[in-house]
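A.B. asks: Hey, dropping model-v3.csv in here, CSV, C-alpha atoms:
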chain,number,residue,atom,x,y,z
A,194,MET,CA,0.0,0.0,0.0
A,195,ASP,CA,1.2,3.5,-0.7
A,196,VAL,CA,1.0,6.4,1.8
A,197,ALA,CA,-2.2,7.8,0.3
A,198,GLU,CA,-4.0,4.5,0.4
A,199,LYS,CA,-3.0,3.8,4.0
A,200,LYS,CA,-4.3,7.3,4.9
A,201,ARG,CA,-7.7,6.5,3.3
A,202,ILE,CA,-7.9,3.1,5.1
A,203,ARG,CA,-7.1,4.6,8.5
A,204,SER,CA,-9.6,7.4,7.9
A,205,TRP,CA,-12.3,4.9,6.9
A,206,ALA,CA,-11.6,2.7,9.9
A,207,PHE,CA,-11.8,5.6,12.3
A,208,TYR,CA,-15.4,6.2,11.4
A,209,ASP,CA,-16.2,2.8,13.1
A,210,TRP,CA,-14.2,4.1,16.1
A,211,ALA,CA,-16.4,7.2,16.0
A,212,ASN,CA,-20.0,5.8,15.6
A,213,SER,CA,-19.5,2.8,17.9
A,214,ALA,CA,-19.8,5.2,20.8
A,215,PHE,CA,-23.6,5.5,20.0
A,216,ALA,CA,-23.9,1.7,19.9
A,217,THR,CA,-22.2,1.1,23.2
A,218,THR,CA,-22.9,4.1,25.5
A,219,ILE,CA,-26.4,4.8,24.2
A,220,MET,CA,-27.9,1.7,22.6
A,221,ALA,CA,-26.4,-1.1,24.7
A,222,GLY,CA,-25.5,0.9,27.8
A,223,PHE,CA,-27.4,3.8,29.4
A,224,PHE,CA,-30.5,4.6,27.2
A,225,PRO,CA,-32.6,1.5,28.0
A,226,VAL,CA,-32.2,1.9,31.8
A,227,PHE,CA,-32.4,5.7,31.7
A,228,PHE,CA,-35.5,5.6,29.6
A,229,LYS,CA,-37.3,3.4,32.3
A,230,GLU,CA,-36.0,5.0,35.4
A,231,TYR,CA,-35.5,8.7,34.6
A,232,TRP,CA,-37.7,9.6,31.6
A,233,SER,CA,-40.6,7.3,32.6
A,234,PRO,CA,-40.8,7.5,36.4
A,235,GLY,CA,-43.8,5.8,37.9
A,236,ILE,CA,-44.7,4.1,34.6
A,237,ASP,CA,-44.9,0.3,34.7
A,238,ALA,CA,-42.1,-1.7,33.0
A,239,VAL,CA,-44.5,-3.3,30.5
A,240,THR,CA,-45.5,0.1,29.1
A,241,THR,CA,-42.0,1.5,28.9
A,242,THR,CA,-40.8,-1.7,27.2
A,243,ALA,CA,-43.6,-1.4,24.7
A,244,ARG,CA,-42.8,2.2,24.0
A,245,LEU,CA,-39.1,1.5,23.5
A,246,GLY,CA,-39.9,-1.5,21.3
A,247,THR,CA,-42.2,0.6,19.2
A,248,VAL,CA,-39.7,3.4,18.5
A,249,ILE,CA,-37.0,0.8,17.6
A,250,SER,CA,-39.4,-1.0,15.3
A,251,ILE,CA,-40.6,2.2,13.5
A,252,SER,CA,-37.0,3.4,13.0
A,253,SER,CA,-36.0,-0.1,11.7
A,254,LEU,CA,-38.9,-0.1,9.3
A,255,ILE,CA,-38.1,3.3,7.9
A,256,MET,CA,-34.5,2.2,7.6
A,257,ALA,CA,-35.4,-0.9,5.7
A,258,CYS,CA,-37.6,1.0,3.3
A,259,LEU,CA,-35.2,3.9,2.7
A,260,SER,CA,-31.8,2.2,2.5
A,261,PRO,CA,-32.1,0.5,-0.9
A,262,THR,CA,-33.6,3.5,-2.7
A,263,LEU,CA,-31.2,5.9,-1.1
A,264,GLY,CA,-28.4,3.5,-2.1
A,265,VAL,CA,-29.4,3.7,-5.8
A,266,VAL,CA,-29.6,7.5,-5.6
A,267,ALA,CA,-26.2,7.6,-3.9
A,268,ASP,CA,-24.7,5.6,-6.8
A,269,LEU,CA,-26.3,7.6,-9.6
A,270,LYS,CA,-25.8,11.1,-8.0
A,271,GLY,CA,-22.4,10.4,-6.4
A,272,PHE,CA,-23.9,11.0,-2.9
A,273,LYS,CA,-22.3,8.2,-0.9
A,274,LYS,CA,-20.2,10.4,1.3
A,275,GLY,CA,-22.9,13.1,1.3
A,276,PHE,CA,-25.6,10.8,2.6
A,277,CYS,CA,-23.1,9.4,5.2
A,278,PHE,CA,-22.5,13.0,6.4
A,279,PHE,CA,-26.2,13.8,6.5
A,280,PHE,CA,-27.2,10.8,8.6
A,281,THR,CA,-24.1,11.1,10.8
A,282,ALA,CA,-25.2,14.7,11.6
A,283,MET,CA,-28.7,13.4,12.4
A,284,GLY,CA,-27.2,10.9,14.8
A,285,VAL,CA,-24.8,13.4,16.4
A,286,LEU,CA,-27.5,16.0,17.0
A,287,SER,CA,-29.9,13.4,18.5
A,288,SER,CA,-27.2,12.2,20.9
A,289,PHE,CA,-26.6,15.8,22.0
A,290,TRP,CA,-30.4,16.3,22.4
A,291,LEU,CA,-30.6,13.3,24.7
A,292,GLY,CA,-28.3,15.0,27.2
A,293,PHE,CA,-30.8,17.9,27.7
A,294,ILE,CA,-34.1,16.1,28.0
A,295,PRO,CA,-35.5,16.6,31.5
A,296,MET,CA,-36.8,14.0,33.9
A,297,GLY,CA,-40.2,12.6,32.8
A,298,GLY,CA,-39.7,13.6,29.1
A,299,TRP,CA,-40.3,10.2,27.7
A,300,GLU,CA,-41.9,11.5,24.5
A,301,ALA,CA,-38.9,13.7,23.6
A,302,ALA,CA,-36.6,10.8,24.6
A,303,MET,CA,-38.4,8.5,22.2
A,304,TRP,CA,-38.1,11.0,19.4
A,305,ALA,CA,-34.4,11.7,20.0
A,306,TYR,CA,-33.5,8.0,20.3
A,307,GLY,CA,-35.6,7.1,17.2
A,308,ILE,CA,-34.0,9.7,15.0
A,309,GLY,CA,-30.6,8.9,16.4
A,310,PHE,CA,-31.1,5.2,15.8
A,311,LEU,CA,-32.2,5.9,12.2
A,312,GLY,CA,-29.2,8.2,11.6
A,313,PHE,CA,-26.8,5.7,13.1
A,314,ASN,CA,-28.0,2.8,10.9
A,315,ALA,CA,-28.5,4.8,7.7
A,316,ALA,CA,-25.0,6.3,7.9
A,317,ILE,CA,-23.5,2.8,8.2
A,318,VAL,CA,-25.1,1.9,4.8
A,319,PHE,CA,-23.1,4.6,3.0
A,320,TYR,CA,-20.0,4.1,5.1
A,321,GLU,CA,-19.9,0.5,4.2
A,322,SER,CA,-20.6,1.3,0.5
A,323,LEU,CA,-17.3,3.2,0.5
A,324,LEU,CA,-15.4,0.1,1.4
A,325,PRO,CA,-14.9,-1.2,-2.1
A,326,HIS,CA,-13.5,2.3,-3.1
A,327,VAL,CA,-11.1,2.6,-0.2
A,328,ALA,CA,-9.0,-0.5,-0.7
A,329,PRO,CA,-8.3,-3.1,-3.4
A,330,ALA,CA,-10.2,-6.4,-3.4
A,331,LYS,CA,-7.2,-8.3,-2.0
A,332,ASP,CA,-7.2,-6.1,1.1
A,333,LEU,CA,-10.9,-5.9,1.8
A,334,ASP,CA,-10.9,-8.6,4.6
A,335,TYR,CA,-8.1,-6.7,6.4
A,336,VAL,CA,-9.7,-3.3,6.0
A,337,SER,CA,-13.2,-4.5,7.0
A,338,SER,CA,-11.8,-6.2,10.1
A,339,LEU,CA,-9.7,-3.2,11.0
A,340,GLY,CA,-12.9,-1.1,11.0
A,341,TYR,CA,-14.7,-3.5,13.3
A,342,SER,CA,-11.6,-3.8,15.6
A,343,MET,CA,-11.4,0.0,15.8
A,344,GLY,CA,-15.1,0.1,16.5
A,345,TYR,CA,-14.8,-2.3,19.4
A,346,LEU,CA,-11.9,-0.4,20.9
A,347,GLY,CA,-13.3,3.1,20.4
A,348,GLY,CA,-16.8,2.2,21.6
A,349,GLY,CA,-15.3,0.3,24.6
A,350,VAL,CA,-12.9,3.2,25.6
A,351,LEU,CA,-15.7,5.8,25.7
A,352,PHE,CA,-18.1,3.5,27.3
A,353,LEU,CA,-15.5,2.7,30.1
A,354,PHE,CA,-15.0,6.4,30.6
A,355,ASN,CA,-18.8,6.9,30.8
A,356,VAL,CA,-19.2,4.0,33.2
A,357,LEU,CA,-16.5,5.5,35.5
A,358,MET,CA,-18.3,8.9,35.3
A,359,TYR,CA,-21.5,7.2,36.4
A,360,LEU,CA,-20.0,5.1,39.2
A,361,PHE,CA,-17.6,7.7,40.5
A,362,PRO,CA,-19.0,11.1,39.5
A,363,HIS,CA,-17.0,13.0,42.1
A,364,TRP,CA,-13.8,12.0,40.3
A,365,PHE,CA,-14.9,14.2,37.4
A,366,GLY,CA,-16.4,17.0,39.5
A,367,ILE,CA,-20.0,15.8,38.7
A,368,THR,CA,-22.7,16.1,41.3
A,369,ASP,CA,-24.4,12.7,40.8
A,370,GLY,CA,-24.9,9.7,38.5
A,371,VAL,CA,-27.9,11.1,36.7
A,372,THR,CA,-25.9,14.2,35.6
A,373,ALA,CA,-23.1,11.8,34.6
A,374,VAL,CA,-25.4,9.8,32.3
A,375,ARG,CA,-26.8,13.0,30.7
A,376,LEU,CA,-23.2,14.2,30.1
A,377,SER,CA,-22.4,10.8,28.7
A,378,PHE,CA,-24.9,11.3,25.9
A,379,VAL,CA,-23.2,14.6,25.1
A,380,THR,CA,-19.7,12.9,25.0
A,381,VAL,CA,-21.1,10.5,22.4
A,382,ALA,CA,-22.0,13.5,20.2
A,383,VAL,CA,-18.6,15.1,20.6
A,384,TRP,CA,-16.7,11.8,20.1
A,385,TRP,CA,-18.7,10.9,17.0
A,386,THR,CA,-18.1,14.3,15.5
A,387,ILE,CA,-14.4,14.5,16.1
A,388,PHE,CA,-13.5,11.0,14.9
A,389,SER,CA,-15.7,11.3,11.8
A,390,ILE,CA,-13.7,14.2,10.4
A,391,PRO,CA,-10.9,12.0,8.9
A,392,LEU,CA,-13.4,10.1,6.7
A,393,PHE,CA,-15.1,13.2,5.4
A,394,LYS,CA,-11.8,15.0,4.9
A,395,ASN,CA,-9.5,12.3,3.5
A,396,ILE,CA,-11.8,10.0,1.5
A,397,PRO,CA,-13.0,11.5,-1.9
A,398,GLU,CA,-16.5,10.9,-3.2
A,399,PRO,CA,-16.2,7.8,-5.5
A,400,ALA,CA,-16.3,8.7,-9.1
A,401,ALA,CA,-19.7,8.1,-10.7
A,402,GLU,CA,-21.6,9.1,-13.9
A,403,ARG,CA,-23.8,11.6,-12.2
A,404,SER,CA,-27.4,11.6,-13.4
A,405,VAL,CA,-28.9,15.0,-14.2
A,406,GLU,CA,-32.3,13.9,-12.9
A,407,ASN,CA,-33.4,15.4,-9.6
A,408,VAL,CA,-33.4,13.3,-6.4
A,409,GLY,CA,-37.2,12.9,-6.4
A,410,ARG,CA,-37.3,11.4,-9.9
A,411,LEU,CA,-34.3,9.3,-9.1
A,412,THR,CA,-36.0,7.9,-6.0
A,413,LEU,CA,-39.0,6.8,-8.1
A,414,ALA,CA,-36.8,5.4,-10.7
A,415,SER,CA,-34.7,3.6,-8.1
A,416,ILE,CA,-37.7,1.4,-7.1
A,417,GLN,CA,-37.9,0.0,-10.7
A,418,ARG,CA,-34.1,-0.4,-10.6
A,419,LEU,CA,-34.3,-2.4,-7.4
A,420,LYS,CA,-36.7,-4.7,-9.0
A,421,GLU,CA,-34.3,-5.2,-11.9
A,422,THR,CA,-31.4,-5.8,-9.5
A,423,ALA,CA,-33.5,-8.4,-7.6
A,424,GLN,CA,-34.2,-10.1,-11.0
A,425,SER,CA,-30.5,-9.9,-12.0
A,426,MET,CA,-29.6,-11.8,-8.8
A,427,LYS,CA,-31.2,-14.8,-10.4
A,428,ALA,CA,-28.4,-14.7,-13.0
A,429,GLU,CA,-26.0,-14.3,-10.0
A,430,PRO,CA,-27.2,-17.1,-7.7
A,431,ASN,CA,-23.9,-16.9,-5.8
A,432,ILE,CA,-24.9,-13.5,-4.3
A,433,ALA,CA,-28.4,-14.6,-3.6
A,434,ILE,CA,-27.3,-17.7,-1.8
A,435,PHE,CA,-24.8,-15.7,0.2
A,436,LEU,CA,-27.5,-13.2,1.3
A,437,ILE,CA,-29.8,-16.0,2.4
A,438,SER,CA,-27.0,-17.7,4.2
A,439,TYR,CA,-26.0,-14.4,5.9
A,440,TRP,CA,-29.6,-13.7,6.9
A,441,LEU,CA,-29.8,-17.1,8.7
A,442,PHE,CA,-26.5,-17.1,10.6
A,443,ILE,CA,-26.5,-13.4,11.4
A,444,ASP,CA,-30.0,-13.8,12.7
A,445,GLY,CA,-28.7,-16.2,15.2
A,446,VAL,CA,-25.7,-13.9,16.0
A,447,TYR,CA,-28.0,-10.9,16.6
A,448,THR,CA,-30.4,-13.0,18.7
A,449,VAL,CA,-27.5,-14.0,21.0
A,450,MET,CA,-26.4,-10.4,21.2
A,451,THR,CA,-29.8,-9.0,22.0
A,452,MET,CA,-30.7,-11.7,24.5
A,453,ALA,CA,-27.5,-11.7,26.4
A,454,VAL,CA,-28.5,-9.1,29.0
A,455,ASP,CA,-31.9,-10.5,29.5
A,456,TYR,CA,-30.4,-14.0,30.0
A,457,GLY,CA,-27.8,-12.6,32.4
A,458,MET,CA,-30.6,-11.0,34.5
A,459,SER,CA,-32.5,-14.3,34.5
A,460,ILE,CA,-29.6,-16.0,36.2
A,461,GLY,CA,-29.4,-13.3,38.9
A,462,LEU,CA,-26.6,-11.0,37.6
A,463,GLY,CA,-26.8,-7.3,38.6
A,464,SER,CA,-26.3,-4.3,36.4
A,465,LYS,CA,-22.6,-4.0,37.3
A,466,ASP,CA,-22.0,-7.6,36.2
A,467,LEU,CA,-23.8,-7.0,32.9
A,468,ILE,CA,-21.8,-3.8,32.3
A,469,ALA,CA,-18.6,-5.7,33.1
A,470,ALA,CA,-19.6,-8.4,30.6
A,471,LEU,CA,-20.3,-5.8,27.9
A,472,LEU,CA,-16.9,-4.2,28.4
A,473,ILE,CA,-15.2,-7.7,28.3
A,474,THR,CA,-16.9,-8.3,24.9
A,475,GLN,CA,-15.7,-4.9,23.6
A,476,PHE,CA,-12.1,-5.2,24.6
A,477,ILE,CA,-11.8,-8.9,23.6
A,478,GLY,CA,-13.4,-8.0,20.3
A,479,PHE,CA,-10.8,-5.4,19.4
A,480,PRO,CA,-7.8,-7.6,18.9
A,481,CYS,CA,-9.8,-10.6,17.7
A,482,ALA,CA,-11.6,-8.7,14.9
A,483,TYR,CA,-8.3,-7.4,13.7
A,484,TYR,CA,-6.8,-11.0,13.8
A,485,PHE,CA,-9.5,-12.4,11.6
A,486,GLY,CA,-8.6,-9.8,9.0
A,487,THR,CA,-5.1,-11.2,8.8
A,488,VAL,CA,-5.8,-14.9,8.5
A,489,THR,CA,-7.8,-14.7,5.3
A,490,LYS,CA,-4.8,-14.5,3.1
A,491,ARG,CA,-4.0,-18.1,4.1
A,492,TRP,CA,-7.4,-19.6,4.8
A,493,GLY,CA,-9.7,-17.5,2.6
A,494,THR,CA,-12.8,-15.7,4.0
A,495,LYS,CA,-15.4,-18.5,4.1
A,496,LYS,CA,-13.5,-20.9,6.4
A,497,PRO,CA,-13.0,-18.3,9.2
A,498,ILE,CA,-16.7,-17.3,9.0
A,499,LEU,CA,-17.7,-20.9,9.4
A,500,CYS,CA,-15.4,-21.2,12.4
A,501,CYS,CA,-17.1,-18.2,14.0
A,502,ILE,CA,-20.5,-19.7,13.4
A,503,ALA,CA,-19.3,-23.0,14.9
A,504,ALA,CA,-18.1,-21.0,18.0
A,505,TYR,CA,-21.6,-19.4,18.3
A,506,SER,CA,-23.2,-22.9,18.1
A,507,VAL,CA,-21.0,-24.1,21.0
A,508,ALA,CA,-21.8,-21.0,23.0
A,509,VAL,CA,-25.5,-21.6,22.6
A,510,ILE,CA,-25.1,-25.1,23.9
A,511,LEU,CA,-22.9,-24.0,26.8
A,512,ALA,CA,-25.4,-21.3,27.7
A,513,THR,CA,-28.1,-23.9,28.5
A,514,TRP,CA,-25.9,-25.1,31.4
A,515,MET,CA,-24.9,-21.7,32.7
A,516,SER,CA,-25.9,-20.8,36.3
A,517,GLU,CA,-23.1,-18.6,37.7
A,518,ALA,CA,-21.6,-15.2,37.0
A,519,TRP,CA,-18.1,-16.5,36.1
A,520,GLN,CA,-19.7,-18.7,33.4
A,521,PHE,CA,-21.4,-15.6,31.9
A,522,TYR,CA,-18.1,-13.8,31.8
A,523,ALA,CA,-16.5,-16.8,30.1
A,524,LEU,CA,-19.2,-16.8,27.5
A,525,ALA,CA,-18.7,-13.0,27.0
A,526,ILE,CA,-15.0,-13.7,26.3
A,527,MET,CA,-16.0,-16.5,23.8
A,528,ILE,CA,-18.5,-14.3,22.0
A,529,GLY,CA,-16.1,-11.4,21.9
A,530,MET,CA,-13.5,-13.5,20.2
A,531,VAL,CA,-15.7,-14.2,17.2
A,532,GLN,CA,-18.4,-11.5,17.0
A,533,GLY,CA,-16.2,-9.0,15.2
A,534,GLY,CA,-14.9,-11.7,12.9
A,535,VAL,CA,-18.2,-13.0,11.6
A,536,GLN,CA,-19.5,-9.4,11.0
A,537,SER,CA,-16.4,-8.0,9.4
A,538,LEU,CA,-15.6,-10.9,7.1
A,539,SER,CA,-19.2,-11.2,6.0
A,540,ARG,CA,-19.1,-7.5,5.0
A,541,SER,CA,-15.8,-7.8,3.1
A,542,MET,CA,-16.8,-11.1,1.4
A,543,PHE,CA,-20.0,-9.4,0.1
A,544,ALA,CA,-18.0,-6.3,-1.0
A,545,ARG,CA,-15.9,-8.5,-3.2
A,546,MET,CA,-18.9,-10.2,-4.8
A,547,ILE,CA,-20.8,-7.1,-5.9
A,548,PRO,CA,-20.3,-4.6,-8.8
A,549,LYS,CA,-18.1,-1.8,-7.4
A,550,ASP,CA,-20.0,1.0,-9.1
A,551,LEU,CA,-23.3,-0.2,-7.6
A,552,SER,CA,-22.0,-0.6,-4.0
A,553,GLY,CA,-24.5,1.8,-2.6
A,554,GLU,CA,-27.4,-0.2,-4.1
A,555,TYR,CA,-26.1,-3.6,-3.1
A,556,PHE,CA,-25.2,-2.5,0.5
A,557,GLY,CA,-28.7,-1.2,0.7
A,558,PHE,CA,-29.9,-4.8,0.2
A,559,PHE,CA,-27.2,-6.0,2.6
A,560,ASN,CA,-28.6,-3.6,5.2
A,561,ILE,CA,-32.1,-4.8,4.7
A,562,VAL,CA,-31.0,-8.4,5.4
A,563,GLY,CA,-29.3,-7.0,8.6
A,564,ARG,CA,-32.5,-5.1,9.6
A,565,PHE,CA,-34.7,-8.2,9.2
A,566,ALA,CA,-32.1,-10.4,10.9
A,567,SER,CA,-33.7,-9.9,14.2
A,568,ILE,CA,-37.1,-11.5,13.5
A,569,LEU,CA,-36.6,-15.2,12.9
A,570,GLY,CA,-34.2,-15.8,15.8
A,571,PRO,CA,-36.4,-14.5,18.6
A,572,LEU,CA,-39.3,-16.4,17.1
A,573,VAL,CA,-37.3,-19.6,17.1
A,574,VAL,CA,-36.5,-19.1,20.8
A,575,ALA,CA,-40.1,-18.3,21.6
A,576,VAL,CA,-41.3,-21.5,19.9
A,577,GLY,CA,-38.6,-23.5,21.6
A,578,VAL,CA,-39.4,-22.1,25.1
A,579,THR,CA,-43.1,-22.8,24.5
A,580,VAL,CA,-42.6,-26.4,23.3
A,581,THR,CA,-40.0,-27.3,25.9
A,582,GLY,CA,-41.3,-25.2,28.8
A,583,ASN,CA,-37.6,-24.4,29.5
A,584,SER,CA,-36.0,-21.1,28.7
A,585,ARG,CA,-32.6,-22.6,28.6
A,586,LEU,CA,-33.6,-25.4,26.1
A,587,GLY,CA,-35.3,-22.8,24.0
A,588,LEU,CA,-31.9,-21.3,23.0
A,589,VAL,CA,-31.0,-24.6,21.4
A,590,GLY,CA,-33.4,-23.8,18.5
A,591,LEU,CA,-30.8,-21.2,17.3
A,592,LEU,CA,-28.7,-24.1,16.2
A,593,VAL,CA,-31.1,-24.5,13.3
A,594,LEU,CA,-30.1,-21.0,12.1
A,595,PHE,CA,-26.4,-21.6,12.5
A,596,ILE,CA,-26.4,-25.0,10.8
A,597,SER,CA,-28.6,-24.0,7.9
A,598,GLY,CA,-26.7,-20.8,7.4
A,599,SER,CA,-23.4,-22.7,7.4
A,600,TRP,CA,-24.7,-25.3,5.0
A,601,LEU,CA,-25.7,-22.6,2.5
A,602,LEU,CA,-22.5,-20.7,3.0
A,603,MET,CA,-20.5,-23.8,2.0
A,604,LYS,CA,-22.3,-23.7,-1.3
A,605,VAL,CA,-21.2,-20.1,-2.0
A,606,LYS,CA,-18.3,-19.7,-4.4
A,607,GLU,CA,-15.8,-17.5,-2.7
A,608,PRO,CA,-14.7,-14.5,-4.8
A,609,ALA,CA,-11.1,-14.1,-5.7
Could I get this file's structure written as structure tokens?
C.D. replies:
Amino acid sequence: MDVAEKKRIRSWAFYDWANSAFATTIMAGFFPVFFKEYWSPGIDAVTTTARLGTVISISSLIMACLSPTLGVVADLKGFKKGFCFFFTAMGVLSSFWLGFIPMGGWEAAMWAYGIGFLGFNAAIVFYESLLPHVAPAKDLDYVSSLGYSMGYLGGGVLFLFNVLMYLFPHWFGITDGVTAVRLSFVTVAVWWTIFSIPLFKNIPEPAAERSVENVGRLTLASIQRLKETAQSMKAEPNIAIFLISYWLFIDGVYTVMTMAVDYGMSIGLGSKDLIAALLITQFIGFPCAYYFGTVTKRWGTKKPILCCIAAYSVAVILATWMSEAWQFYALAIMIGMVQGGVQSLSRSMFARMIPKDLSGEYFGFFNIVGRFASILGPLVVAVGVTVTGNSRLGLVGLLVLFISGSWLLMKVKEPA
């Protein structure tokens, strides 16, 4: 790699360092608890859970509907970086807003979180669509893994700082834990802004034959183009099979991720234990995600992904026997070792399979798969729990997703 290429790669990877602050401090860390205890005081847990679930569902639905069409517009108008900037600004401003919503303001909190959630996920579509333009195909595994590893480290560093602010506010001259959490939301906005600058400054907008049509007409035309792209996938079954495979195994991965806290609470872990486990996953994920990007030159991309899926399968089986805190920590270490690998290598493998000039459009499809990869897994668990009458045995149903996803992935022809 020459100096300019290395600079572009570092700048691209630092965006993952930047936006992961939202995922850790806000999404996984403080917002769910703060929404219940501070913004919804005196309201029963069922109602607050329903409200939170509603705003996430609405944001996810909007995201699923918008990402493919916006991806087409980004390709045709040369707006990949422009759209990434717009949605990043949306997420940053929403994070800042959260820090100033007073006690009891659950409506404003829902709006701020919903807009921020949408901005965070939409920006990722266009950030990822820049990947094929940042590095040559032979380096995509390394670059994608570098991004995820930077995300784990960056998100973990700020989250650790925010946790210390919350647990020991007097260290930072803060009056109490509530003020510390509100300031934590502001730190996410500042962190996200500062570390996004290298991407917008150092990575040029990918060259494109820019359409003279306005965005409105292009949006309408993009719907027809998406239909044509879906039809063209019939002539490219390799991509279609990969997307189905990805949907199955990543559904299992996301189900494990989203159910981990609930499962930990069910075996009696407190909030400090759960925060500790989350931090373990973040800091273990940093070196391991990077490592997975280095082994593909020898083993290819498909084999390491299959190894990650196998590790998740083992983790699900072990979870059915878990009963103590140290076992939960051990599972957090195990998941941290493979979580970044399965995500980063899936992204880079897909990036090598698609037409480079249509990366926005294809990553729009990729994002749709990711958005809907949180439907089947929880349903499988729910059916398993109902049939067996045992929440532990219900998790075993996820093995169906991992096994079927692996079986299809083995049929995918790995791109050169």
A.B. asks: Extract, using all atoms listed in the file, all DNA, RNA and protein residues at most 6 Å from region 589-594 of chain A, discarding same-chain residues fewer than 5 positions from it, and format them as a list in words.
C.D. replies: Leu441, Phe442, Gly445, Ser506 and Val573 of chain A
A.B. asks: If we count all atoms listed in the file and set the cut-off at 8 Å, which residues sit around region 310-319 of chain A, ignoring sequence neighbours fewer than 4 positions away in its own chain? Please answer as a JSON list (two decimals) with C-alpha atoms, in the coordinates of the input.
C.D. replies:
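Wrote around05.json, looks like this:
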[["chain", "number", "residue", "atom", "x", "y", "z"],
["A", 212, "ASN", "CA", -20.00, 5.80, 15.60],
["A", 215, "PHE", "CA", -23.60, 5.50, 20.00],
["A", 249, "ILE", "CA", -37.00, 0.80, 17.60],
["A", 252, "SER", "CA", -37.00, 3.40, 13.00],
["A", 253, "SER", "CA", -36.00, -0.10, 11.70],
["A", 255, "ILE", "CA", -38.10, 3.30, 7.90],
["A", 256, "MET", "CA", -34.50, 2.20, 7.60],
["A", 260, "SER", "CA", -31.80, 2.20, 2.50],
["A", 264, "GLY", "CA", -28.40, 3.50, -2.10],
["A", 273, "LYS", "CA", -22.30, 8.20, -0.90],
["A", 274, "LYS", "CA", -20.20, 10.40, 1.30],
["A", 276, "PHE", "CA", -25.60, 10.80, 2.60],
["A", 277, "CYS", "CA", -23.10, 9.40, 5.20],
["A", 278, "PHE", "CA", -22.50, 13.00, 6.40],
["A", 279, "PHE", "CA", -26.20, 13.80, 6.50],
["A", 280, "PHE", "CA", -27.20, 10.80, 8.60],
["A", 281, "THR", "CA", -24.10, 11.10, 10.80],
["A", 282, "ALA", "CA", -25.20, 14.70, 11.60],
["A", 283, "MET", "CA", -28.70, 13.40, 12.40],
["A", 284, "GLY", "CA", -27.20, 10.90, 14.80],
["A", 306, "TYR", "CA", -33.50, 8.00, 20.30],
["A", 323, "LEU", "CA", -17.30, 3.20, 0.50],
["A", 553, "GLY", "CA", -24.50, 1.80, -2.60],
["A", 556, "PHE", "CA", -25.20, -2.50, 0.50],
["A", 557, "GLY", "CA", -28.70, -1.20, 0.70],
["A", 560, "ASN", "CA", -28.60, -3.60, 5.20]]
A.B. asks: Can you work out the spacing between CA of Trp299 (chain A) and CA of Asn355 (chain A) in Å, to one decimal?
C.D. replies: 22.0 Å
A.B. asks: What is the distance between CA of Lys496 (chain A) and CA of Asp332 (chain A), in Å to one decimal?
C.D. replies: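 Those two atoms sit 16.9 Å apart.
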A.B. asks: Fewer than 2 positions away in the same chain doesn't count, so skip those; otherwise give me all residues within 9 Å of region 366-374 of chain A, counting all atoms listed in the file, as a list in words.
C.D. replies: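 Listing them by chain and then by number gives Phe223, Phe224, Phe227, Tyr231, Gly292, Asn355, Val356, Met358, Tyr359, Leu360, Phe361, Pro362, His363, Trp364, Leu376, Ser377, Phe378 and Val379 of chain A.
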A.B. asks: Rounded to one decimal place, report the CA of Lys229 (chain A)-CA of Thr241 (chain A) distance in Å.
C.D. replies: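 If I compute the distance from CA of Lys229 (chain A) to CA of Thr241 (chain A), I get 6.1 Å.
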A.B. asks: List the residues sitting within 8 Å of (-24.2, -15.9, 22.2) in the file's frame, using all atoms listed in the file, as a tab-separated table (two decimals) with C-alpha atoms, in the frame of the given file.
C.D. replies:
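Listing of point-v5.tsv after writing:
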chain	number	residue	atom	x	y	z
A	446	VAL	CA	-25.70	-13.90	16.00
A	448	THR	CA	-30.40	-13.00	18.70
A	449	VAL	CA	-27.50	-14.00	21.00
A	450	MET	CA	-26.40	-10.40	21.20
A	453	ALA	CA	-27.50	-11.70	26.40
A	505	TYR	CA	-21.60	-19.40	18.30
A	508	ALA	CA	-21.80	-21.00	23.00
A	509	VAL	CA	-25.50	-21.60	22.60
A	512	ALA	CA	-25.40	-21.30	27.70
A	524	LEU	CA	-19.20	-16.80	27.50
A	525	ALA	CA	-18.70	-13.00	27.00
A	528	ILE	CA	-18.50	-14.30	22.00
A.B. asks: Find, counting all atoms listed in the file, the residue in A:Trp440, A:Trp210, A:Phe293, A:Phe476 that gets nearest to Gly347 (chain A).
C.D. replies: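 The answer is A:Trp210, which sits nearest to Gly347 (chain A).
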A.B. asks: Check the smallest atom-to-atom distance from each of A:Ala211, A:Ala301, A:Val580, A:Leu263 to Glu554 (chain A) using all atoms listed in the file, then report the winner.
C.D. replies: A:Leu263
A.B. asks: Given only C-alpha atoms as the basis, pick out the residue of A:Met515, A:Met527, A:Val605, A:Leu499 nearest to Thr474 (chain A).
C.D. replies: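 Of A:Met515, A:Met527, A:Val605, A:Leu499, the one nearest Thr474 (chain A) is A:Met527, counting only C-alpha atoms.
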A.B. asks: Restricting the calculation to all atoms listed in the file, which member of A:Ala257, A:Leu324, A:Leu339, A:Leu572 is positioned closest to Phe207 (chain A)?
C.D. replies: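 Looking only at the distances to Phe207 (chain A), the closest residue turns out to be A:Leu339.
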